[in-house]
file start30.pdb (PDB, C-alpha atoms)
ATOM      1  CA  GLU H   1       9.172   9.518 -10.567  1.00  0.00           C
ATOM      2  CA  GLN H   2       7.499   6.080 -10.671  1.00  0.00           C
ATOM      3  CA  ARG H   3       6.468   6.263  -7.012  1.00  0.00           C
ATOM      4  CA  ALA H   4       3.463   8.453  -7.854  1.00  0.00           C
ATOM      5  CA  TYR H   5       1.959   5.537  -9.803  1.00  0.00           C
ATOM      6  CA  ILE H   6       3.113   2.569  -7.727  1.00  0.00           C
ATOM      7  CA  PHE H   7      -0.389   1.799  -6.381  1.00  0.00           C
ATOM      8  CA  ASP H   8      -2.116   2.064  -9.792  1.00  0.00           C
ATOM      9  CA  PHE H   9      -3.480  -1.107 -11.377  1.00  0.00           C
ATOM     10  CA  PHE H  10      -1.151  -2.730 -13.936  1.00  0.00           C
ATOM     11  CA  GLN H  11       1.732  -0.413 -13.048  1.00  0.00           C
ATOM     12  CA  ARG H  12       5.117  -2.124 -13.074  1.00  0.00           C
ATOM     13  CA  GLY H  13       8.139  -0.115 -12.013  1.00  0.00           C
ATOM     14  CA  ASN H  14      10.696  -2.118 -13.957  1.00  0.00           C
ATOM     15  CA  THR H  15       9.522  -3.802 -17.140  1.00  0.00           C
ATOM     16  CA  SER H  16      12.172  -6.517 -16.746  1.00  0.00           C
ATOM     17  CA  GLN H  17      10.332  -7.819 -13.654  1.00  0.00           C
ATOM     18  CA  ASN H  18       7.653 -10.484 -13.771  1.00  0.00           C
ATOM     19  CA  GLY H  19       4.121  -9.863 -12.564  1.00  0.00           C
ATOM     20  CA  SER H  20       0.914  -8.271 -13.667  1.00  0.00           C
ATOM     21  CA  GLY H  21       1.141  -5.096 -11.607  1.00  0.00           C
ATOM     22  CA  ILE H  22      -2.003  -5.606  -9.538  1.00  0.00           C
ATOM     23  CA  GLY H  23      -0.561  -6.653  -6.166  1.00  0.00           C
ATOM     24  CA  LEU H  24       0.074  -3.202  -4.679  1.00  0.00           C
ATOM     25  CA  ALA H  25      -3.165  -1.818  -6.115  1.00  0.00           C
ATOM     26  CA  LEU H  26      -5.122  -4.627  -4.439  1.00  0.00           C
ATOM     27  CA  ALA H  27      -3.231  -4.146  -1.176  1.00  0.00           C
ATOM     28  CA  ARG H  28      -4.162  -0.462  -1.186  1.00  0.00           C
ATOM     29  CA  LEU H  29      -7.833  -1.267  -1.842  1.00  0.00           C
ATOM     30  CA  PHE H  30      -7.955  -3.771   1.017  1.00  0.00           C
ATOM     31  CA  VAL H  31      -6.205  -1.456   3.472  1.00  0.00           C
ATOM     32  CA  GLU H  32      -8.272   1.611   2.563  1.00  0.00           C
ATOM     33  CA  GLY H  33     -11.417  -0.530   2.718  1.00  0.00           C
ATOM     34  CA  GLN H  34     -10.618  -1.020   6.398  1.00  0.00           C
ATOM     35  CA  ARG H  35     -10.117   2.750   6.827  1.00  0.00           C
ATOM     36  CA  GLY H  36      -6.349   2.296   6.907  1.00  0.00           C
ATOM     37  CA  GLU H  37      -3.455   3.840   5.056  1.00  0.00           C
ATOM     38  CA  VAL H  38      -0.585   2.424   3.028  1.00  0.00           C
ATOM     39  CA  SER H  39       2.518   4.376   2.020  1.00  0.00           C
ATOM     40  CA  VAL H  40       5.890   3.821   0.386  1.00  0.00           C
ATOM     41  CA  HIS H  41       9.202   5.409   1.352  1.00  0.00           C
ATOM     42  CA  ASN H  42      12.686   5.227  -0.137  1.00  0.00           C
ATOM     43  CA  ARG H  43      15.432   4.159   2.259  1.00  0.00           C
ATOM     44  CA  GLU H  44      18.684   6.139   2.375  1.00  0.00           C
ATOM     45  CA  GLU H  45      20.749   2.948   2.157  1.00  0.00           C
ATOM     46  CA  GLY H  46      18.713   1.779  -0.827  1.00  0.00           C
ATOM     47  CA  GLY H  47      15.528  -0.161  -1.187  1.00  0.00           C
ATOM     48  CA  THR H  48      11.985   0.676  -0.266  1.00  0.00           C
ATOM     49  CA  THR H  49       9.831   0.469   2.850  1.00  0.00           C
ATOM     50  CA  PHE H  50       6.072  -0.021   2.730  1.00  0.00           C
ATOM     51  CA  ARG H  51       4.008   0.972   5.765  1.00  0.00           C
ATOM     52  CA  VAL H  52       0.486  -0.182   6.474  1.00  0.00           C
ATOM     53  CA  PHE H  53      -1.609   1.429   9.197  1.00  0.00           C
ATOM     54  CA  LEU H  54      -4.915  -0.129  10.214  1.00  0.00           C
ATOM     55  CA  PRO H  55      -7.285   1.285  12.829  1.00  0.00           C
ATOM     56  CA  SER H  56      -7.756  -0.874  15.894  1.00  0.00           C
ATOM     57  CA  CYS H  57     -10.968  -2.806  16.214  1.00  0.00           C
ATOM     58  CA  PRO H  58     -13.437  -1.397  18.733  1.00  0.00           C
ATOM     59  CA  SER H  59     -14.312  -3.668  21.601  1.00  0.00           C
ATOM     60  CA  LYS H  60     -17.837  -5.088  21.782  1.00  0.00           C
ATOM     61  CA  ARG H  61     -18.612  -2.625  24.593  1.00  0.00           C
ATOM     62  CA  GLU H  62     -17.920   0.325  22.253  1.00  0.00           C
ATOM     63  CA  VAL H  63     -20.246  -0.936  19.525  1.00  0.00           C
ATOM     64  CA  SER H  64     -23.951  -0.242  19.980  1.00  0.00           C
TER      65      SER H  64
END
call {"tool": "encode", "arguments": {"input": "start30.pdb", "output": "structure tokens"}}
result
Amino acid sequence: EQRAYIFDFFQRGNTSQNGSGIGLALARLFVEGQRGEVSVHNREEGGTTFRVFLPSCPSKREVS
């Protein structure tokens, strides 16, 4: 239920944890600013996996 808000600013999944809740929000902004994607997935054996996809940089020949 908390996963829907995990990338929101100041969101902290467990209030017993330290932190301000801006790290994942900033990561998402940086990645999306580069036209990438970031996602979160629960692992069957427990824990969480974050995936970041960034587009490859065009070579100088492709840029006009």
call {"tool": "atom_distance", "arguments": {"input": "start30.pdb", "atom1": "atom CA of H:Phe53", "atom2": "atom CA of H:Glu32"}}
result
9.4 Å
call {"tool": "atom_distance", "arguments": {"input": "start30.pdb", "atom1": "atom CA of H:Val31", "atom2": "atom CA of H:Ser56"}}
result
12.5 Å
call {"tool": "closest_residue", "arguments": {"input": "start30.pdb", "among": "H:Arg28, H:Thr48, H:Gly21, H:Arg35", "to": "H:Arg3", "atoms": "all atoms listed in the file"}}
result
H:Thr48
call {"tool": "resolve_selection", "arguments": {"input": "start30.pdb", "expression": "the PyMOL selection byres ((chain H and resi 38-41) around 10)", "output": "VMD selection string"}}
result
chain H and resid 3 to 4 6 to 7 24 27 to 32 36 to 37 42 to 44 47 to 54
call {"tool": "axis_aligned_box", "arguments": {"input": "start30.pdb", "around": "stretch 34-37 of chain H", "padding_each_side": "5 Å", "output": "AutoDock Vina command-line options"}}
result
--center_x -7.0 --center_y 1.4 --center_z 6.0 --size_x 17.2 --size_y 14.9 --size_z 11.9
call {"tool": "resolve_selection", "arguments": {"input": "start30.pdb", "expression": "the PyMOL selection byres ((chain H and resi 10) around 6)", "output": "JSON, numbers by chain"}}
result
{"H": [9, 11, 20, 21, 22]}
call {"tool": "write_last_selection", "arguments": {"input": "start30.pdb", "atoms": "C-alpha atoms", "output": "PDB file, keeping the file's coordinate frame"}}
result
ATOM      1  CA  PHE H   9      -3.480  -1.107 -11.377  1.00  0.00           C
ATOM      2  CA  GLN H  11       1.732  -0.413 -13.048  1.00  0.00           C
ATOM      3  CA  SER H  20       0.914  -8.271 -13.667  1.00  0.00           C
ATOM      4  CA  GLY H  21       1.141  -5.096 -11.607  1.00  0.00           C
ATOM      5  CA  ILE H  22      -2.003  -5.606  -9.538  1.00  0.00           C
TER       6      ILE H  22
END
